[in-house]
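Here's the structure we're looking at; comments come further down.
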Amino acid sequence: MTYAAPGAPPAGLAELPDGPVAASGRLLNRIGTLCWVEMRKIRHDRTELYTRAIQPALWLLIYGEVFTRVHAIPTPEGIPYLAYLAPGIMAQSALFIAIFYGIQIIWERDAGVLTKLMVTPTPRSALITGKAFASSVRSLVQGVVVVIIAILLGVTFTDNPLKLIAAAIVLALGSAFFSCLSMSIAGVVVARDRLMGIGQAITMPLFFSSSALYPAAIMPGWLQVISKVNPLSYEVEALRGLLIGTATTLWLDVTVLVGATIAAITCAALLLPPSAAFPPNKVMRS
Amino acid sequence: MTVTQAIDRVVTQAVECVDLSYQFGAQLAVDHVNLSIAPGEMYGLLGPNGAGKTTTIRMITTLLKPGTGSVRVFGLDAAARPMLVRRAIGYVPQALSADANLTGVENVELFARLFDVPRRERRQRVTDALDAMGLTEAAGRLAGTYSGGMIRRLELAQSLISAPRLLVLDEPTVGLDPIARGVVWEYIAMLRADHQMTVLMTTHYMDEADAYCDRISLMHRGRIRITGTPAELRAGLGDEATLDDVFRHYTGDTLDKAPEEGGIRDVRRARRTARRLG
């Protein structure tokens, strides 16, 4: 046994580069790894991708067609209601996927998978970001489904590839934000059924207080205030601006989404500890 | 002991817990625990459910910051340098924790990536690890299709991919049938012989502790009641004593009472694992 200097890292660890550059490089590497793992999981089980496509299809086919007929909702610049609605449904189906993502964190915590990952040299924010990425990928698949259905129903979207890419980024950001919101709640409630309940309770208010179905201008004053602080509104407005060319302040929408997403990742990473910090007998509440 | 000797001792211990305590609300889960594990040693932490074993392990593996006292792993302070300590540790938690939605290969490759195994070595090392655990044929299947014993071996493959210097096993054979238990122990013994790893484990099975551990600490209500080799502990109670007798002697009748901290939870967890793995 060779004697190391007091406090020196064990042999084999000493050569690891230290410092902020190496640390941020490793963080990106970890995020990449966890995104890779989520992609593998999606590839192994694609049924959810297909069944998820049913709901947005119904919104467009039934709700969209009916409300287009009655001309009940004043759309800006007189665009057809179905075209106005499609980006809203895109954001909504992304929200519905993301808002239950915290269940995965609780599931993995209960199964011990998360605990084991937390004993690897991986920052918690990387674990959260990996999940957020997976939620974004699923949402993008949904987005493509919505675009296809809407085109079949006669909606024309932009054919500018840069705008399409920007719209994909906006949709991914929105989904990342709401999945991190869900994972933050998961860190507090630590039980699947409670998270289900809270998820159910907040999705509809988020949806109806956004401009997904109708312009904020026709909302009562108090609802307009809520709409202004609802990130879903910014996501919808950005998607609409990019895909069908309605007027919006894109930089504001994107700034709000980026800021909200970073805040939510930080929040979810800070709230992750309950997996380990609670005594075993208190952790198992579900 | 001189100061230099004392420093050398601290640094050369694989694990050194000094005055380690942890409080959950009113309950002192770990109560001034002192323990040191020499490099290469197979060390068993035994005790009834709720004795504080898992909490102690969580502090050693950096999952919990010590309430008071300190933990050093190969001389590194677990609270101050958690990322470096984690690099030295392979950890297999109590629940069967391989990811059921990934194949055997993917489960191991994930850990290879998280421990920065260089890309050019990765594939080979993943294959070798699975091979060493006898999982070559099942490697391409989803872990959800594995039996309990296979999952435990998969977890060992995951934890050894980083060539850890300290392997921490929290009840490695709980919920396995006797044959699977035997197989898992064979693999652990083989790993230890091949890699000169230090092993820290908890178990409820006294026969396993007797057969495989170099030294044992008996824990009860947060405190370490006695430490020694299995032979020393048995000898302390007379010629005919078994480790079960030692266990009963130091933990009283708590084994029969099935304290609420453990019993129900273990059953639930086992059921949940069974459900998850289909």
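Residue numbering restarts at 1 for every chain of the structure tokens, chains are lettered A, B, ... in their displayed order, and ligands are numbered from 1 as they appear.
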Using only C-alpha atoms, which residues sit within 9 Å of segment 201-209 of chain B once same-chain residues fewer than 2 positions away are excluded, as a ChimeraX atom specification? /B:42-49,53-54,57,167-174,185,199,211-216,230,242-244,247
Can I get the selected residues back with N, CA and C atoms, as a short mmCIF file (atom, residue, chain, number, x, y, z; two decimals), in the first residue's frame?
data_model
loop_
_atom_site.label_atom_id
_atom_site.label_comp_id
_atom_site.auth_asym_id
_atom_site.auth_seq_id
_atom_site.Cartn_x
_atom_site.Cartn_y
_atom_site.Cartn_z
N MET B 42 -13.73 -7.02 3.19
CA MET B 42 -15.16 -7.24 2.96
C MET B 42 -15.84 -7.00 4.30
N TYR B 43 -16.59 -5.92 4.38
CA TYR B 43 -17.09 -5.44 5.66
C TYR B 43 -18.61 -5.52 5.67
N GLY B 44 -19.15 -6.13 6.69
CA GLY B 44 -20.60 -6.29 6.77
C GLY B 44 -21.20 -5.41 7.84
N LEU B 45 -22.26 -4.70 7.48
CA LEU B 45 -23.00 -3.90 8.45
C LEU B 45 -24.33 -4.61 8.65
N LEU B 46 -24.52 -5.18 9.84
CA LEU B 46 -25.72 -5.97 10.09
C LEU B 46 -26.59 -5.28 11.13
N GLY B 47 -27.85 -5.66 11.12
CA GLY B 47 -28.76 -5.10 12.11
C GLY B 47 -30.18 -5.23 11.64
N PRO B 48 -31.13 -5.12 12.58
CA PRO B 48 -32.54 -5.26 12.19
C PRO B 48 -32.98 -4.09 11.33
N ASN B 49 -34.16 -4.20 10.73
CA ASN B 49 -34.72 -3.10 9.95
C ASN B 49 -34.81 -1.86 10.83
N LYS B 53 -28.65 1.27 9.14
CA LYS B 53 -27.65 0.81 8.16
C LYS B 53 -27.74 1.60 6.86
N THR B 54 -28.94 1.70 6.33
CA THR B 54 -29.09 2.37 5.04
C THR B 54 -28.75 3.85 5.15
N ILE B 57 -25.09 4.13 5.06
CA ILE B 57 -24.61 3.92 3.70
C ILE B 57 -24.89 5.14 2.83
N LEU B 167 -16.92 -1.02 -3.36
CA LEU B 167 -18.23 -1.48 -3.83
C LEU B 167 -19.18 -1.49 -2.64
N VAL B 168 -20.29 -0.77 -2.75
CA VAL B 168 -21.26 -0.69 -1.65
C VAL B 168 -22.51 -1.46 -2.05
N LEU B 169 -22.82 -2.48 -1.28
CA LEU B 169 -23.97 -3.34 -1.60
C LEU B 169 -24.96 -3.28 -0.45
N ASP B 170 -26.15 -2.74 -0.74
CA ASP B 170 -27.17 -2.66 0.30
C ASP B 170 -28.10 -3.86 0.14
N GLU B 171 -27.94 -4.82 1.00
CA GLU B 171 -28.72 -6.07 0.94
C GLU B 171 -28.74 -6.67 -0.46
N PRO B 172 -27.58 -7.13 -0.92
CA PRO B 172 -27.47 -7.56 -2.31
C PRO B 172 -28.31 -8.79 -2.66
N THR B 173 -28.68 -9.60 -1.67
CA THR B 173 -29.38 -10.83 -2.03
C THR B 173 -30.81 -10.87 -1.51
N VAL B 174 -31.32 -9.73 -1.05
CA VAL B 174 -32.68 -9.73 -0.53
C VAL B 174 -33.65 -10.02 -1.68
N TRP B 185 -23.29 -14.33 -4.85
CA TRP B 185 -22.11 -14.32 -3.98
C TRP B 185 -20.87 -14.81 -4.69
N VAL B 199 -15.20 -3.98 -0.12
CA VAL B 199 -16.65 -4.16 -0.22
C VAL B 199 -17.29 -3.82 1.12
N ALA B 211 -20.14 -16.33 6.20
CA ALA B 211 -19.33 -16.97 5.18
C ALA B 211 -18.45 -15.99 4.42
N TYR B 212 -18.92 -14.75 4.20
CA TYR B 212 -18.21 -13.88 3.25
C TYR B 212 -17.52 -12.67 3.85
N CYS B 213 -17.92 -12.23 5.05
CA CYS B 213 -17.36 -10.98 5.57
C CYS B 213 -16.08 -11.22 6.35
N ASP B 214 -15.10 -10.31 6.15
CA ASP B 214 -13.89 -10.34 6.98
C ASP B 214 -14.20 -9.80 8.37
N ARG B 215 -14.94 -8.71 8.36
CA ARG B 215 -15.32 -8.12 9.64
C ARG B 215 -16.77 -7.68 9.58
N ILE B 216 -17.38 -7.61 10.77
CA ILE B 216 -18.81 -7.30 10.86
C ILE B 216 -19.02 -6.26 11.95
N PRO B 230 -16.28 -12.53 12.17
CA PRO B 230 -17.38 -13.43 12.54
C PRO B 230 -16.96 -14.41 13.64
N THR B 242 -23.94 -19.27 17.25
CA THR B 242 -23.94 -18.94 15.82
C THR B 242 -24.05 -17.42 15.71
N LEU B 243 -23.90 -16.92 14.51
CA LEU B 243 -24.03 -15.48 14.32
C LEU B 243 -25.46 -15.01 14.60
N ASP B 244 -26.41 -15.91 14.38
CA ASP B 244 -27.80 -15.58 14.73
C ASP B 244 -27.93 -15.29 16.22
N PHE B 247 -26.51 -11.98 16.92
CA PHE B 247 -27.45 -10.96 16.47
C PHE B 247 -28.54 -10.74 17.53
#
Residue contacts of Ser125 of chain A (10 Å, only C-alpha atoms) excluding same-chain residues fewer than 6 positions away, as a list in words: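 Non-adjacent residues within range: Leu27, Arg30, Ile31, Ile265, Thr266, Cys267, Ala268, Ala269, Leu270 and Leu272 of chain A.
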Give the answer as one residue: which of B:Gly40, B:Pro118, B:Gly144, B:Pro93 has the shortest atom-to-atom distance to chain A, using only C-alpha atoms?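 Result for the nearest residue to chain A: B:Pro93.
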Compile a residue-level contact table for chain B against chain A at a cut-off of 6 Å, reporting for every qualifying residue the shortest atom pair and its distance in Å to one decimal, with only C-alpha atoms counted, rows ordered by chain and ascending number, as CSV.
residue,atom,partner,partner_atom,distance
B:Val11,CA,A:Pro6,CA,5.9
B:Leu63,CA,A:Ala276,CA,5.9
B:Gly75,CA,A:Gly7,CA,5.4
B:Leu76,CA,A:Gly7,CA,5.7
B:Met83,CA,A:Pro121,CA,4.9
B:Arg86,CA,A:Thr120,CA,5.5
B:Ala95,CA,A:Gly112,CA,5.7
B:Ser97,CA,A:Val113,CA,4.9
B:Asn101,CA,A:Lys41,CA,5.8
B:Glu261,CA,A:Asn281,CA,5.4
Print the selection's residues with C-alpha atoms to a file, as a CSV table (one decimal), in the first residue's frame.
chain,number,residue,atom,x,y,z
B,11,VAL,CA,-5.8,8.3,4.5
B,63,LEU,CA,-26.5,10.7,-0.9
B,75,GLY,CA,-9.1,10.0,2.5
B,76,LEU,CA,-11.6,12.2,0.7
B,83,MET,CA,-18.1,14.1,-7.1
B,86,ARG,CA,-18.6,9.0,-6.3
B,95,ALA,CA,-34.2,-2.3,-4.6
B,97,SER,CA,-32.8,-0.9,-9.8
B,101,ASN,CA,-36.9,0.0,-20.3
B,261,GLU,CA,-39.9,1.2,10.0
What does the structure give for the distance between atom CA of Pro80 of chain A and atom CA of Val155 of chain A, in Å to one decimal?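 Calculated distance between atom CA of Pro80 of chain A and atom CA of Val155 of chain A is 8.2 Å.
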Among segment 79-121 of chain A, which residues does DSSP mark as helix (DSSP H, G or I) when it is run on the backbone? Keep the chain and numbering as in the structure and answer as a ChimeraX atom specification. /A:81-98,102-111,113-118
Expected file: the selected residues, N, CA and C atoms, as a compact mmCIF listing (two decimals), in the first residue's frame:
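Result file follows (out-v3.txt):
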# COMPACT_ATOMS: atom_id res chain seq x y z
N TYR A 81 -60.08 30.07 -38.52
CA TYR A 81 -59.91 29.66 -37.11
C TYR A 81 -59.05 28.41 -36.98
N LEU A 82 -59.18 27.49 -37.91
CA LEU A 82 -58.41 26.25 -37.81
C LEU A 82 -56.90 26.53 -37.87
N ALA A 83 -56.50 27.48 -38.71
CA ALA A 83 -55.09 27.86 -38.79
C ALA A 83 -54.65 28.52 -37.48
N TYR A 84 -55.57 29.34 -36.93
CA TYR A 84 -55.28 30.01 -35.66
C TYR A 84 -55.14 28.97 -34.53
N LEU A 85 -55.99 27.96 -34.60
CA LEU A 85 -56.05 26.96 -33.52
C LEU A 85 -54.85 26.00 -33.55
N ALA A 86 -54.39 25.62 -34.73
CA ALA A 86 -53.39 24.55 -34.84
C ALA A 86 -52.15 24.77 -33.95
N PRO A 87 -51.51 25.96 -33.96
CA PRO A 87 -50.36 26.14 -33.06
C PRO A 87 -50.75 26.01 -31.59
N GLY A 88 -51.98 26.44 -31.26
CA GLY A 88 -52.45 26.32 -29.88
C GLY A 88 -52.56 24.86 -29.46
N ILE A 89 -53.09 24.03 -30.37
CA ILE A 89 -53.23 22.60 -30.06
C ILE A 89 -51.85 21.94 -29.96
N MET A 90 -50.93 22.42 -30.80
CA MET A 90 -49.56 21.91 -30.74
C MET A 90 -48.97 22.14 -29.33
N ALA A 91 -49.11 23.39 -28.85
CA ALA A 91 -48.58 23.73 -27.53
C ALA A 91 -49.33 22.97 -26.44
N GLN A 92 -50.64 22.80 -26.65
CA GLN A 92 -51.45 22.10 -25.65
C GLN A 92 -51.04 20.64 -25.53
N SER A 93 -50.85 19.97 -26.67
CA SER A 93 -50.51 18.55 -26.56
C SER A 93 -49.11 18.38 -25.97
N ALA A 94 -48.21 19.35 -26.24
CA ALA A 94 -46.90 19.31 -25.61
C ALA A 94 -47.03 19.48 -24.09
N LEU A 95 -47.93 20.39 -23.70
CA LEU A 95 -48.17 20.61 -22.26
C LEU A 95 -48.69 19.35 -21.60
N PHE A 96 -49.63 18.66 -22.26
CA PHE A 96 -50.23 17.46 -21.67
C PHE A 96 -49.18 16.35 -21.50
N ILE A 97 -48.23 16.28 -22.40
CA ILE A 97 -47.16 15.29 -22.25
C ILE A 97 -46.26 15.68 -21.08
N ALA A 98 -45.88 16.96 -21.08
CA ALA A 98 -44.84 17.42 -20.14
C ALA A 98 -45.31 17.42 -18.70
N GLY A 102 -43.10 14.43 -14.23
CA GLY A 102 -42.59 14.23 -12.88
C GLY A 102 -42.86 12.83 -12.37
N ILE A 103 -43.91 12.19 -12.91
CA ILE A 103 -44.23 10.83 -12.50
C ILE A 103 -43.04 9.91 -12.77
N GLN A 104 -42.37 10.15 -13.87
CA GLN A 104 -41.19 9.34 -14.19
C GLN A 104 -40.11 9.46 -13.12
N ILE A 105 -39.93 10.69 -12.65
CA ILE A 105 -38.91 10.92 -11.61
C ILE A 105 -39.30 10.15 -10.34
N ILE A 106 -40.58 10.22 -9.98
CA ILE A 106 -41.03 9.51 -8.77
C ILE A 106 -40.90 8.00 -8.98
N TRP A 107 -41.28 7.55 -10.16
CA TRP A 107 -41.19 6.13 -10.50
C TRP A 107 -39.74 5.66 -10.38
N GLU A 108 -38.83 6.39 -10.96
CA GLU A 108 -37.43 5.99 -10.93
C GLU A 108 -36.85 6.10 -9.52
N ARG A 109 -37.37 7.05 -8.77
CA ARG A 109 -36.92 7.18 -7.38
C ARG A 109 -37.36 5.95 -6.59
N ASP A 110 -38.64 5.60 -6.73
CA ASP A 110 -39.17 4.44 -6.00
C ASP A 110 -38.43 3.17 -6.41
N ALA A 111 -38.07 3.08 -7.68
CA ALA A 111 -37.42 1.86 -8.17
C ALA A 111 -35.94 1.81 -7.82
N VAL A 113 -33.65 3.49 -9.30
CA VAL A 113 -32.83 3.88 -10.46
C VAL A 113 -32.22 5.25 -10.24
N LEU A 114 -33.04 6.17 -9.74
CA LEU A 114 -32.58 7.54 -9.52
C LEU A 114 -31.49 7.59 -8.46
N THR A 115 -31.70 6.84 -7.37
CA THR A 115 -30.71 6.81 -6.29
C THR A 115 -29.36 6.39 -6.84
N LYS A 116 -29.39 5.37 -7.68
CA LYS A 116 -28.13 4.86 -8.22
C LYS A 116 -27.47 5.89 -9.13
N LEU A 117 -28.28 6.59 -9.92
CA LEU A 117 -27.72 7.63 -10.78
C LEU A 117 -27.11 8.75 -9.94
N MET A 118 -27.71 9.01 -8.78
CA MET A 118 -27.22 10.10 -7.94
C MET A 118 -25.92 9.74 -7.23
So which residues touch Val184 of chain B within 12 Å, counting only C-alpha atoms, skipping near sequence neighbours fewer than 2 positions away, as an MDAnalysis selection string? chainID B and resid 132:134 148:157 169 171:174 176:182 186:191 208 212
Which neighbours of Ser179 of chain A fall inside 12 Å, counting only C-alpha atoms, when residues of the same chain fewer than 4 positions from it are skipped, and could you give them as a ChimeraX atom specification? /A:94-105,128-139,172-175,183-186,199,203,260-262,264-265,267-268
Excluding Ala168 of chain A and residues on its chain fewer than 5 positions from it, collect all residues at most 9 Å away from it, counting only C-alpha atoms, and give them as number ranges by chain. A: 140, 143, 163, 173, 239
Those same residues, written as a tab-separated table (two decimals), in the first residue's frame with N, CA and C atoms?
chain	number	residue	atom	x	y	z
A	140	LEU	N	-42.17	17.14	-29.91
A	140	LEU	CA	-41.90	17.43	-31.32
A	140	LEU	C	-42.61	16.43	-32.22
A	143	GLY	N	-45.98	17.58	-32.40
A	143	GLY	CA	-46.04	18.77	-33.25
A	143	GLY	C	-46.15	18.38	-34.71
A	163	LYS	N	-37.90	29.25	-40.12
A	163	LYS	CA	-39.04	29.47	-39.22
A	163	LYS	C	-39.54	28.14	-38.65
A	173	LEU	N	-38.71	24.03	-26.09
A	173	LEU	CA	-38.51	24.83	-24.87
A	173	LEU	C	-39.75	24.79	-23.98
A	239	LEU	N	-45.26	30.28	-31.59
A	239	LEU	CA	-45.56	29.26	-32.61
A	239	LEU	C	-46.43	29.84	-33.71
